[in-house]
Amino acid sequence: MSDKNQIQPTAPGNSGKMLQAMVGIGILCALMIVLTFQGTAPVIKKNKAEALEKAIFKVLPGIEKTKAFQLGQNDNFVQIEGEGEEGKVVYAGYGANGELVGLAIEASGQGYADILRILYGYDPGKQAVIGFYVLESKETPGLGDKIEKDPNFLANFEALDVSLNEDQSALKNKVVPVKSGEKENPWEVDCITGATISSRAIGNILGESTQRWAPLIYNNQEDFVTQGEQ
Amino acid sequence: MLNRTLNISTSPHITRGIGTDDIMQNVVWALLPTAIFAVYSFGMSALLVLATTTVACVLTEHFLCKLSKKESTISDWSAVITGLLLGLTLPPNFPLWMAFAGGVIAIALGKFIFGGLGYNVFNPALVGRAVLQAAFPVAITTWFPAFLDNRFTTVSSSTLTAPFMEPTVDAITGATPLSAFKFDNVITPTSELALGLITGSTGETCAILILLGGIYLVARNMMNWRIPVAILATVYVLSGLLHLVDSQAYPPPLFMLFSGGLMLGAVFMATDMVASPITPLGVVIYGFIIGLLVVVIRIWGGLPEGVMYAILLANAISPHIDNWIQPRVYGTAKSAKGS
Amino acid sequence: MANQIKNNTGFFASLQESPSTDEFVKGLWRDNPVFVQVLGMCPVLAVSNTAINALAMGLATSFVLLMSNVLVSSLRNFIPKQVRIASYILIIATFVTMTDYIIQAISVDLHKALGAFISLIVVNCLILSRAEAFASKNTIGKSVLDALGMGFGFTFALFCLGAVREILGNGSIFGVPFFPDNFQEWIVMILPAGGFFTLAIWLLIFNAAKQRKATT
């Protein structure tokens with residue numbers, strides 16, 4: 001840049017030109033961003049909703065439609081349209097005849113690399129976790145990401161016992177992770193050799209989340225049945 | 001350096017002392033008891049692993065020398081040591097094709113790319129092992145129990161895995177004392193650790209033989225005794241203090257000292273002449289850093305064993321250690337220090 | 001402005017006199033942004049773990065490069081020298097934001113895989129360097145050719161890395177299995193360390209080829 005302009009002091013009136021240029025470009029750029037946003041926003045929203053719906057259908061086998069519910073003030077569940085408050089929304093899944101199959105619940109916690117976000121299916125009739133899906137994970141490829149693929153690990157979540165104690169206020173046995181091959185009770189999560197930390201994290205996330213949600217949902221099952229008929 | 005006939009020097013004409021190849025040859029002798037014990041306790045599989053890594057290292061060195069049109073440097077024995085050390089850090093049932101790949105990587109990426117012997121920043125054997133650990137984390141943590149009855153007649157099925165194929169999982173696998181502690185809180189008795197009656201890498205089992213090899217080298221003045229002493233003392237004191245604070249959560253210091261690859265690492269790998277500092281104070285600091293990292297990784301890290309990473313990290317900073325502790329030349333400004 | 005261009009000597013001047021096909025070809029091979037100029041290493045190392053990620057990243061970067069080159073080139077007589085870098089960054093950031101939305105609209109999964117690296121295209125020095133060194137001094141037509149050449153060169157290099165890493169690290173290419181079932185994956189190849197190894201090997205091959213060409 002052997003340009004002479006650079007060493008010359010700024011000529012008077014030049015700053016006006018600079019301002020003009022910056023504002024001009026700024027407005028042009030803002031316009032382009034807004035147009036793109038307007039154009040893509042509905043598609044993005046649809047994609048995200050579809051991805052979530054796909055996950056819900058995966059964790060609740062055999063359902064035909066889903067509805068979102070939000071936890072209300074008196075521990076009851078109210079059907080909502082669109083997005084609810086974070087951490088309070090569950091998705092009810094209904095079978096072909098409109099019967100309640102189960103609830104899909106989102107949970108998250110610290111994995112090995114970053115926060116893990118999972119979705120699991122809870123069946124209040126069987127009092128069990130019946131499905132599991134990883135929504136977001138940055139776990140090490142080839143190791144930690146076995147939590148999404150390992151068939152033995154996924155078999156944990158076909159019927160994971162989360163039955164309540166006698167006064168129905170808490171779980172009889174909290175879900176706990178155990179070492180690979182040492183699962184003895186239906187509420188234990190068999191971990192993966194070579195992905196111990198990630199699979200343990202899943203067990204613990206499930207443990208915390210079921211502890212909170214299972215009693216709430218079990219005691220308010222009617223909400224989903226009655227509102228589901230509408 | 002290696003060509004004896006080219007040993008021209010100006011006066012005074014002192015007789016030529018010990019050369020690189022003499023030292024290297026002696027290191028091989030010092031490693032042999034450990035290697036032989038490994039073959040005795042793990043059988044044919046261990047022998048094959050050790051032979052494969054050694055052959056891989058020597059062949060790679062020879063081939064790369066020829067490729068770069070230099071004289072082959074395999075006669076200085078350093079490639080043999082790299083191969084033996086790498087073999088000793090691998091599980092005895094490690095697939096041979098992976099062991100071979102490790103040997104090639106150790107020499108090519110650990111040594112040759114920096115310019116050959118004398119220029120390597122890291123211990124080449126550990127570079128090979130680190131890459132293998134990252135590439136094949138399952139195979140390298142599948143351990144084979146020692147003293148099986150048929151160990152001299154049969155070879156572990158995973159050893160003979162076809163190249164680039166996934167090893168079959170052996171019916172019998174064992175847990176190393178460190179993973180047994182980390183995941184199940186089981187402490188293996190020290191006597192078993194010291195004698196090597198345990199599951200583990202090929203050569204990280206019999207602490208006594210490793211120490212004997214080290215003493216031999218120190219006695220012949222071919223190894224800097226300060227390095228292993230500093231490492232072992234640091235580990236002993238730090239883990240001892242932790243054990244005093246909470247004897248339930250932290251393992252006893254003797255367990256820390258004799259388990260895993262600490263002995264082999266402290267005696268034979270951290271003492272790599274090229275990758276360690278040269279000043280007496282420098283090597284003590286270097287040893288302290290390794291010991292500290294070993295304790296930190298083993299106790300708070302996600303992995304059961306951390307000797308390899310501890311030594312590699314300390315290798316990386318060893319030139320800086322020498323630089324920091326260089327005394328200021330009298331009369332020069334403070335800022336000139338170390339430059 | 002026209003006088004300024006004429007006054008420039010050396011590299012840029014020589015570019016102006018060369019035929020316009022050269023503007024396109026140089027980015028592919030002779031001045032390849034990754035293998036020769038070693039620019040934009042952050043996405044090269046981070047998002048080249050699978051062939052599809054590498055390709056998507058390369059195309060996204062090419063799109064931003066093309067659009068910003070066009071805009072910078074067409075505004076080159078309007079932007080005062082003192083604020084040119086700020087203007088370029090603003091223009092680049094705009095197109096990156098647009099790309100981000102478009103990729104989200106195309107596929108949520110792809111957006112998840114590329115993650116933060118789409119936003120980081122803003123600081124990819126390749127794009128700023130083309131804006132500063134080429135588009136601000138050349139006509140729109142030439143700038144388009146330059147952007148296409150550099151963009152495809154970048155995409156090609158990313159794909160070279162991504163393909164090797166996916167084949168060795170995952171045993172597949174574009175998600176389709178490449179080896180028999182019991183192939184042992186070299187997991188290190190899809191980890192960040194594998195990116196450095198693969199890049200180093202490609203650079204080695206490129207330099208060896210160049211050296212051989214120079215000596216013969």
# chains A, B, ... in the order shown; residues from 1 in each chain; ligands from 1
call {"tool": "interface_residues", "arguments": {"of": "chain B", "to": "chain C", "cutoff": "9 Å", "atoms": "only C-alpha atoms", "output": "list in words"}}
result
Val131, Leu132, Gln133, Ala134, Ala135, Phe136, Pro137, Pro163, Phe164, Met165, Glu166 and Pro167 of chain B
call {"tool": "residues_around", "arguments": {"residues": "stretch 215-217 of chain B", "least_positions_apart": "5", "cutoff": "9 Å", "atoms": "only C-alpha atoms", "output": "list in words"}}
result
Ile23, Asn26, Val27, Ala30, Ile210, Met222, Met223, Asn224 and Trp225 of chain B
call {"tool": "closest_atom_pairs", "arguments": {"of": "chain C", "to": "chain A", "cutoff": "9 Å", "atoms": "only C-alpha atoms", "output": "JSON lines"}}
result
{"residue": "C:Gln4", "atom": "CA", "partner": "A:Asp3", "partner_atom": "CA", "distance": 7.8}
{"residue": "C:Asn7", "atom": "CA", "partner": "A:Asp3", "partner_atom": "CA", "distance": 8.9}
{"residue": "C:Asn8", "atom": "CA", "partner": "A:Ser2", "partner_atom": "CA", "distance": 8.0}
{"residue": "C:Phe78", "atom": "CA", "partner": "A:Ala21", "partner_atom": "CA", "distance": 6.8}
{"residue": "C:Ile79", "atom": "CA", "partner": "A:Ala21", "partner_atom": "CA", "distance": 5.8}
{"residue": "C:Pro80", "atom": "CA", "partner": "A:Met18", "partner_atom": "CA", "distance": 5.9}
{"residue": "C:Lys81", "atom": "CA", "partner": "A:Gln6", "partner_atom": "CA", "distance": 7.8}
{"residue": "C:Gln82", "atom": "CA", "partner": "A:Met18", "partner_atom": "CA", "distance": 7.6}
{"residue": "C:Val83", "atom": "CA", "partner": "A:Met18", "partner_atom": "CA", "distance": 6.6}
{"residue": "C:Ala86", "atom": "CA", "partner": "A:Met22", "partner_atom": "CA", "distance": 8.2}
{"residue": "C:Ser87", "atom": "CA", "partner": "A:Met22", "partner_atom": "CA", "distance": 6.5}
{"residue": "C:Leu90", "atom": "CA", "partner": "A:Gly26", "partner_atom": "CA", "distance": 7.2}
{"residue": "C:Ile91", "atom": "CA", "partner": "A:Cys29", "partner_atom": "CA", "distance": 6.5}
{"residue": "C:Ala93", "atom": "CA", "partner": "A:Cys29", "partner_atom": "CA", "distance": 8.7}
{"residue": "C:Thr94", "atom": "CA", "partner": "A:Cys29", "partner_atom": "CA", "distance": 5.7}
{"residue": "C:Phe95", "atom": "CA", "partner": "A:Ile33", "partner_atom": "CA", "distance": 7.9}
{"residue": "C:Thr97", "atom": "CA", "partner": "A:Ile33", "partner_atom": "CA", "distance": 6.9}
{"residue": "C:Met98", "atom": "CA", "partner": "A:Ile33", "partner_atom": "CA", "distance": 5.9}
{"residue": "C:Thr99", "atom": "CA", "partner": "A:Thr36", "partner_atom": "CA", "distance": 8.9}
{"residue": "C:Tyr101", "atom": "CA", "partner": "A:Thr40", "partner_atom": "CA", "distance": 6.4}
{"residue": "C:Ile102", "atom": "CA", "partner": "A:Thr40", "partner_atom": "CA", "distance": 6.5}
{"residue": "C:Gln104", "atom": "CA", "partner": "A:Ile44", "partner_atom": "CA", "distance": 5.9}
{"residue": "C:Ala105", "atom": "CA", "partner": "A:Ile44", "partner_atom": "CA", "distance": 4.6}
{"residue": "C:Ile106", "atom": "CA", "partner": "A:Ile44", "partner_atom": "CA", "distance": 8.0}
{"residue": "C:Ser107", "atom": "CA", "partner": "A:Asn47", "partner_atom": "CA", "distance": 7.3}
{"residue": "C:Val108", "atom": "CA", "partner": "A:Asn47", "partner_atom": "CA", "distance": 6.5}
{"residue": "C:Asp109", "atom": "CA", "partner": "A:Ala51", "partner_atom": "CA", "distance": 8.7}
{"residue": "C:Lys112", "atom": "CA", "partner": "A:Glu136", "partner_atom": "CA", "distance": 8.3}
{"residue": "C:Gly169", "atom": "CA", "partner": "A:Gly142", "partner_atom": "CA", "distance": 8.4}
{"residue": "C:Asn170", "atom": "CA", "partner": "A:Gly142", "partner_atom": "CA", "distance": 7.8}
{"residue": "C:Glu185", "atom": "CA", "partner": "A:Gly142", "partner_atom": "CA", "distance": 8.2}
{"residue": "C:Ile187", "atom": "CA", "partner": "A:Gly142", "partner_atom": "CA", "distance": 6.1}
{"residue": "C:Ile190", "atom": "CA", "partner": "A:Pro141", "partner_atom": "CA", "distance": 7.0}
{"residue": "C:Leu191", "atom": "CA", "partner": "A:Pro141", "partner_atom": "CA", "distance": 7.5}
call {"tool": "atom_distance", "arguments": {"atom1": "atom CA of A:Gly102", "atom2": "atom CA of A:Ile130"}}
result
8.5 Å
call {"tool": "closest_atom_pairs", "arguments": {"of": "chain B", "to": "chain A", "cutoff": "12 Å", "atoms": "only C-alpha atoms", "output": "JSON lines"}}
result
{"residue": "B:Gln133", "atom": "CA", "partner": "A:Gly194", "partner_atom": "CA", "distance": 11.9}
{"residue": "B:Ala134", "atom": "CA", "partner": "A:Leu143", "partner_atom": "CA", "distance": 10.5}
{"residue": "B:Ala135", "atom": "CA", "partner": "A:Gly142", "partner_atom": "CA", "distance": 9.7}
{"residue": "B:Phe136", "atom": "CA", "partner": "A:Gly142", "partner_atom": "CA", "distance": 9.7}
{"residue": "B:Pro137", "atom": "CA", "partner": "A:Gly194", "partner_atom": "CA", "distance": 7.4}
{"residue": "B:Val138", "atom": "CA", "partner": "A:Gly194", "partner_atom": "CA", "distance": 6.1}
{"residue": "B:Ala139", "atom": "CA", "partner": "A:Gly194", "partner_atom": "CA", "distance": 9.7}
{"residue": "B:Ile140", "atom": "CA", "partner": "A:Gly194", "partner_atom": "CA", "distance": 10.4}
{"residue": "B:Thr141", "atom": "CA", "partner": "A:Gly194", "partner_atom": "CA", "distance": 8.3}
{"residue": "B:Thr142", "atom": "CA", "partner": "A:Gly194", "partner_atom": "CA", "distance": 9.6}
{"residue": "B:Ala175", "atom": "CA", "partner": "A:Thr193", "partner_atom": "CA", "distance": 11.9}
{"residue": "B:Ser179", "atom": "CA", "partner": "A:Thr196", "partner_atom": "CA", "distance": 11.9}
{"residue": "B:Ala180", "atom": "CA", "partner": "A:Lys179", "partner_atom": "CA", "distance": 11.8}
{"residue": "B:Lys182", "atom": "CA", "partner": "A:Thr196", "partner_atom": "CA", "distance": 11.7}
{"residue": "B:Phe183", "atom": "CA", "partner": "A:Lys179", "partner_atom": "CA", "distance": 8.4}
{"residue": "B:Asp184", "atom": "CA", "partner": "A:Lys179", "partner_atom": "CA", "distance": 9.1}
{"residue": "B:Gly301", "atom": "CA", "partner": "A:Ile197", "partner_atom": "CA", "distance": 11.4}
{"residue": "B:Gly302", "atom": "CA", "partner": "A:Ile197", "partner_atom": "CA", "distance": 7.9}
{"residue": "B:Leu303", "atom": "CA", "partner": "A:Ile197", "partner_atom": "CA", "distance": 10.1}
{"residue": "B:Pro304", "atom": "CA", "partner": "A:Thr196", "partner_atom": "CA", "distance": 11.9}
call {"tool": "residues_around", "arguments": {"residues": "stretch 200-206 of chain C", "least_positions_apart": "6", "cutoff": "9 Å", "atoms": "only C-alpha atoms", "output": "ChimeraX atom specification"}}
result
/C:34-36,157,160-161
call {"tool": "select_by_dssp", "arguments": {"residues": "stretch 19-139 of chain C", "states": "helix (DSSP H, G or I)", "output": "JSON, numbers by chain"}}
result
{"C": [20, 21, 22, 23, 24, 25, 26, 27, 28, 41, 42, 43, 44, 45, 46, 51, 52, 53, 54, 55, 56, 57, 58, 59, 60, 61, 62, 63, 64, 65, 66, 67, 68, 69, 70, 71, 72, 73, 74, 81, 82, 83, 84, 85, 86, 87, 88, 89, 90, 91, 92, 93, 94, 95, 96, 97, 98, 99, 100, 101, 102, 103, 104, 105, 106, 108, 109, 110, 111, 112, 113, 114, 115, 116, 117, 119, 120, 121, 122, 123, 125, 126, 127, 128, 129, 130, 131, 132, 133, 135, 136, 137]}
call {"tool": "atom_distance", "arguments": {"atom1": "atom CA of A:Ser209", "atom2": "atom CA of A:Glu188"}}
result
14.6 Å
call {"tool": "select_by_dssp", "arguments": {"residues": "stretch 30-160 of chain A", "states": "strand (DSSP E)", "output": "ChimeraX atom specification"}}
result
/A:65-71,77-79,89-94,100-110,115-123,128-136,160
call {"tool": "decode", "arguments": {"residues": "stretch 3-155 of chain B", "atoms": "C-alpha atoms", "output": "PDB file, in the first residue's frame"}}
result
ATOM      1  CA  ASN B   3      31.569 -43.171  12.380  1.00  0.00           C
ATOM      2  CA  ARG B   4      34.509 -44.156  14.514  1.00  0.00           C
ATOM      3  CA  THR B   5      37.054 -43.657  11.768  1.00  0.00           C
ATOM      4  CA  LEU B   6      36.062 -40.044  11.429  1.00  0.00           C
ATOM      5  CA  ASN B   7      36.897 -39.217  15.037  1.00  0.00           C
ATOM      6  CA  ILE B   8      39.249 -36.345  14.298  1.00  0.00           C
ATOM      7  CA  SER B   9      39.992 -33.887  17.085  1.00  0.00           C
ATOM      8  CA  THR B  10      42.528 -31.268  17.974  1.00  0.00           C
ATOM      9  CA  SER B  11      44.777 -31.629  21.022  1.00  0.00           C
ATOM     10  CA  PRO B  12      44.555 -32.682  23.806  1.00  0.00           C
ATOM     11  CA  HIS B  13      44.008 -36.127  22.377  1.00  0.00           C
ATOM     12  CA  ILE B  14      41.914 -37.696  25.074  1.00  0.00           C
ATOM     13  CA  THR B  15      40.649 -41.164  24.301  1.00  0.00           C
ATOM     14  CA  ARG B  16      37.185 -41.155  22.893  1.00  0.00           C
ATOM     15  CA  GLY B  17      34.666 -41.632  25.679  1.00  0.00           C
ATOM     16  CA  ILE B  18      31.365 -43.430  25.485  1.00  0.00           C
ATOM     17  CA  GLY B  19      29.367 -42.593  22.395  1.00  0.00           C
ATOM     18  CA  THR B  20      25.687 -42.501  21.627  1.00  0.00           C
ATOM     19  CA  ASP B  21      25.603 -46.072  20.427  1.00  0.00           C
ATOM     20  CA  ASP B  22      27.344 -47.354  23.607  1.00  0.00           C
ATOM     21  CA  ILE B  23      24.758 -45.653  25.804  1.00  0.00           C
ATOM     22  CA  MET B  24      21.886 -46.815  23.650  1.00  0.00           C
ATOM     23  CA  GLN B  25      23.159 -50.376  23.672  1.00  0.00           C
ATOM     24  CA  ASN B  26      23.330 -50.297  27.460  1.00  0.00           C
ATOM     25  CA  VAL B  27      19.800 -48.958  27.680  1.00  0.00           C
ATOM     26  CA  VAL B  28      18.710 -51.957  25.634  1.00  0.00           C
ATOM     27  CA  TRP B  29      20.481 -54.292  28.106  1.00  0.00           C
ATOM     28  CA  ALA B  30      18.784 -52.495  30.984  1.00  0.00           C
ATOM     29  CA  LEU B  31      15.394 -52.933  29.325  1.00  0.00           C
ATOM     30  CA  LEU B  32      15.869 -56.608  28.571  1.00  0.00           C
ATOM     31  CA  PRO B  33      14.949 -57.992  32.034  1.00  0.00           C
ATOM     32  CA  THR B  34      11.666 -56.087  31.921  1.00  0.00           C
ATOM     33  CA  ALA B  35      10.996 -57.320  28.403  1.00  0.00           C
ATOM     34  CA  ILE B  36      11.825 -60.912  29.327  1.00  0.00           C
ATOM     35  CA  PHE B  37       9.571 -60.763  32.353  1.00  0.00           C
ATOM     36  CA  ALA B  38       6.810 -59.389  30.136  1.00  0.00           C
ATOM     37  CA  VAL B  39       7.151 -62.379  27.835  1.00  0.00           C
ATOM     38  CA  TYR B  40       7.237 -64.692  30.858  1.00  0.00           C
ATOM     39  CA  SER B  41       4.050 -63.274  32.362  1.00  0.00           C
ATOM     40  CA  PHE B  42       2.037 -62.642  29.202  1.00  0.00           C
ATOM     41  CA  GLY B  43       3.470 -65.285  26.875  1.00  0.00           C
ATOM     42  CA  MET B  44       3.611 -65.359  23.093  1.00  0.00           C
ATOM     43  CA  SER B  45       1.321 -62.376  22.536  1.00  0.00           C
ATOM     44  CA  ALA B  46       3.658 -60.035  24.406  1.00  0.00           C
ATOM     45  CA  LEU B  47       6.671 -61.390  22.523  1.00  0.00           C
ATOM     46  CA  LEU B  48       4.949 -60.704  19.214  1.00  0.00           C
ATOM     47  CA  VAL B  49       3.979 -57.165  20.233  1.00  0.00           C
ATOM     48  CA  LEU B  50       7.522 -56.321  21.353  1.00  0.00           C
ATOM     49  CA  ALA B  51       9.055 -57.827  18.219  1.00  0.00           C
ATOM     50  CA  THR B  52       6.589 -56.011  15.958  1.00  0.00           C
ATOM     51  CA  THR B  53       7.160 -52.547  17.425  1.00  0.00           C
ATOM     52  CA  THR B  54      10.940 -53.004  17.366  1.00  0.00           C
ATOM     53  CA  VAL B  55      10.971 -54.206  13.773  1.00  0.00           C
ATOM     54  CA  ALA B  56       8.591 -51.407  12.755  1.00  0.00           C
ATOM     55  CA  CYS B  57      10.795 -48.739  14.325  1.00  0.00           C
ATOM     56  CA  VAL B  58      14.023 -50.057  12.850  1.00  0.00           C
ATOM     57  CA  LEU B  59      12.527 -50.497   9.377  1.00  0.00           C
ATOM     58  CA  THR B  60      10.972 -47.027   9.439  1.00  0.00           C
ATOM     59  CA  GLU B  61      14.235 -45.427  10.490  1.00  0.00           C
ATOM     60  CA  HIS B  62      16.123 -47.256   7.757  1.00  0.00           C
ATOM     61  CA  PHE B  63      13.561 -46.475   5.097  1.00  0.00           C
ATOM     62  CA  LEU B  64      13.294 -42.765   5.981  1.00  0.00           C
ATOM     63  CA  CYS B  65      17.082 -42.390   6.035  1.00  0.00           C
ATOM     64  CA  LYS B  66      17.257 -43.908   2.568  1.00  0.00           C
ATOM     65  CA  LEU B  67      14.376 -41.740   1.364  1.00  0.00           C
ATOM     66  CA  SER B  68      16.118 -38.561   2.454  1.00  0.00           C
ATOM     67  CA  LYS B  69      19.393 -39.855   1.006  1.00  0.00           C
ATOM     68  CA  LYS B  70      21.191 -40.005   4.337  1.00  0.00           C
ATOM     69  CA  GLU B  71      23.274 -42.759   5.802  1.00  0.00           C
ATOM     70  CA  SER B  72      21.097 -45.218   7.682  1.00  0.00           C
ATOM     71  CA  THR B  73      21.210 -44.543  11.422  1.00  0.00           C
ATOM     72  CA  ILE B  74      19.803 -47.835  12.627  1.00  0.00           C
ATOM     73  CA  SER B  75      23.182 -48.961  13.961  1.00  0.00           C
ATOM     74  CA  ASP B  76      22.987 -46.451  16.844  1.00  0.00           C
ATOM     75  CA  TRP B  77      20.356 -48.666  18.542  1.00  0.00           C
ATOM     76  CA  SER B  78      18.062 -45.732  19.317  1.00  0.00           C
ATOM     77  CA  ALA B  79      15.307 -47.079  17.064  1.00  0.00           C
ATOM     78  CA  VAL B  80      15.499 -50.391  18.909  1.00  0.00           C
ATOM     79  CA  ILE B  81      14.954 -48.606  22.220  1.00  0.00           C
ATOM     80  CA  THR B  82      12.011 -46.637  20.831  1.00  0.00           C
ATOM     81  CA  GLY B  83      10.514 -49.880  19.556  1.00  0.00           C
ATOM     82  CA  LEU B  84      11.041 -51.753  22.824  1.00  0.00           C
ATOM     83  CA  LEU B  85       9.677 -48.882  24.916  1.00  0.00           C
ATOM     84  CA  LEU B  86       6.628 -48.512  22.703  1.00  0.00           C
ATOM     85  CA  GLY B  87       5.988 -52.257  22.899  1.00  0.00           C
ATOM     86  CA  LEU B  88       6.299 -52.149  26.669  1.00  0.00           C
ATOM     87  CA  THR B  89       3.600 -49.473  26.961  1.00  0.00           C
ATOM     88  CA  LEU B  90       1.044 -51.416  24.915  1.00  0.00           C
ATOM     89  CA  PRO B  91      -1.365 -54.050  26.196  1.00  0.00           C
ATOM     90  CA  PRO B  92       0.006 -57.562  25.582  1.00  0.00           C
ATOM     91  CA  ASN B  93      -2.984 -58.506  23.445  1.00  0.00           C
ATOM     92  CA  PHE B  94      -2.708 -55.404  21.265  1.00  0.00           C
ATOM     93  CA  PRO B  95      -3.363 -56.128  17.559  1.00  0.00           C
ATOM     94  CA  LEU B  96      -0.035 -56.438  15.749  1.00  0.00           C
ATOM     95  CA  TRP B  97      -1.010 -54.219  12.837  1.00  0.00           C
ATOM     96  CA  MET B  98      -1.773 -51.389  15.240  1.00  0.00           C
ATOM     97  CA  ALA B  99       1.521 -51.990  17.022  1.00  0.00           C
ATOM     98  CA  PHE B 100       3.307 -51.783  13.668  1.00  0.00           C
ATOM     99  CA  ALA B 101       1.495 -48.543  12.818  1.00  0.00           C
ATOM    100  CA  GLY B 102       2.503 -47.193  16.233  1.00  0.00           C
ATOM    101  CA  GLY B 103       6.158 -47.987  15.532  1.00  0.00           C
ATOM    102  CA  VAL B 104       6.047 -46.215  12.181  1.00  0.00           C
ATOM    103  CA  ILE B 105       4.364 -43.167  13.716  1.00  0.00           C
ATOM    104  CA  ALA B 106       6.808 -43.090  16.647  1.00  0.00           C
ATOM    105  CA  ILE B 107       9.831 -42.842  14.367  1.00  0.00           C
ATOM    106  CA  ALA B 108       8.315 -40.803  11.541  1.00  0.00           C
ATOM    107  CA  LEU B 109       6.307 -38.253  13.539  1.00  0.00           C
ATOM    108  CA  GLY B 110       8.120 -38.494  16.860  1.00  0.00           C
ATOM    109  CA  LYS B 111      11.671 -38.344  15.670  1.00  0.00           C
ATOM    110  CA  PHE B 112      12.429 -38.117  11.986  1.00  0.00           C
ATOM    111  CA  ILE B 113      10.239 -35.136  11.199  1.00  0.00           C
ATOM    112  CA  PHE B 114      12.212 -33.080  13.749  1.00  0.00           C
ATOM    113  CA  GLY B 115      15.514 -34.096  12.162  1.00  0.00           C
ATOM    114  CA  GLY B 116      16.341 -37.462  13.683  1.00  0.00           C
ATOM    115  CA  LEU B 117      18.081 -38.464  16.886  1.00  0.00           C
ATOM    116  CA  GLY B 118      19.205 -35.486  18.923  1.00  0.00           C
ATOM    117  CA  TYR B 119      16.494 -33.182  17.615  1.00  0.00           C
ATOM    118  CA  ASN B 120      13.324 -34.854  18.829  1.00  0.00           C
ATOM    119  CA  VAL B 121      11.223 -32.595  21.036  1.00  0.00           C
ATOM    120  CA  PHE B 122       9.267 -35.472  22.545  1.00  0.00           C
ATOM    121  CA  ASN B 123      10.071 -39.004  23.527  1.00  0.00           C
ATOM    122  CA  PRO B 124       9.336 -40.813  20.227  1.00  0.00           C
ATOM    123  CA  ALA B 125       7.886 -43.934  21.854  1.00  0.00           C
ATOM    124  CA  LEU B 126       5.365 -41.824  23.743  1.00  0.00           C
ATOM    125  CA  VAL B 127       4.398 -39.925  20.604  1.00  0.00           C
ATOM    126  CA  GLY B 128       3.624 -43.276  18.996  1.00  0.00           C
ATOM    127  CA  ARG B 129       1.648 -44.377  21.993  1.00  0.00           C
ATOM    128  CA  ALA B 130      -0.267 -41.075  22.222  1.00  0.00           C
ATOM    129  CA  VAL B 131      -1.385 -41.350  18.601  1.00  0.00           C
ATOM    130  CA  LEU B 132      -2.414 -44.970  19.137  1.00  0.00           C
ATOM    131  CA  GLN B 133      -4.338 -43.989  22.250  1.00  0.00           C
ATOM    132  CA  ALA B 134      -6.244 -41.344  20.322  1.00  0.00           C
ATOM    133  CA  ALA B 135      -6.786 -43.547  17.281  1.00  0.00           C
ATOM    134  CA  PHE B 136      -7.757 -46.827  18.940  1.00  0.00           C
ATOM    135  CA  PRO B 137      -8.984 -45.979  22.435  1.00  0.00           C
ATOM    136  CA  VAL B 138     -10.838 -49.243  22.894  1.00  0.00           C
ATOM    137  CA  ALA B 139      -8.099 -51.617  21.740  1.00  0.00           C
ATOM    138  CA  ILE B 140      -5.500 -49.857  23.873  1.00  0.00           C
ATOM    139  CA  THR B 141      -7.567 -50.171  27.036  1.00  0.00           C
ATOM    140  CA  THR B 142      -8.531 -53.821  26.602  1.00  0.00           C
ATOM    141  CA  TRP B 143      -6.260 -55.713  28.964  1.00  0.00           C
ATOM    142  CA  PHE B 144      -5.312 -59.310  29.033  1.00  0.00           C
ATOM    143  CA  PRO B 145      -4.731 -61.079  32.355  1.00  0.00           C
ATOM    144  CA  ALA B 146      -1.210 -62.244  33.234  1.00  0.00           C
ATOM    145  CA  PHE B 147      -0.107 -65.853  33.895  1.00  0.00           C
ATOM    146  CA  LEU B 148      -2.716 -67.669  31.842  1.00  0.00           C
ATOM    147  CA  ASP B 149      -1.949 -71.389  31.666  1.00  0.00           C
ATOM    148  CA  ASN B 150      -1.778 -71.576  27.897  1.00  0.00           C
ATOM    149  CA  ARG B 151       0.092 -68.328  27.377  1.00  0.00           C
ATOM    150  CA  PHE B 152       3.145 -69.942  25.747  1.00  0.00           C
ATOM    151  CA  THR B 153       1.231 -72.110  23.326  1.00  0.00           C
ATOM    152  CA  THR B 154      -1.597 -69.860  22.132  1.00  0.00           C
ATOM    153  CA  VAL B 155      -1.767 -66.277  20.975  1.00  0.00           C
TER     154      VAL B 155
END
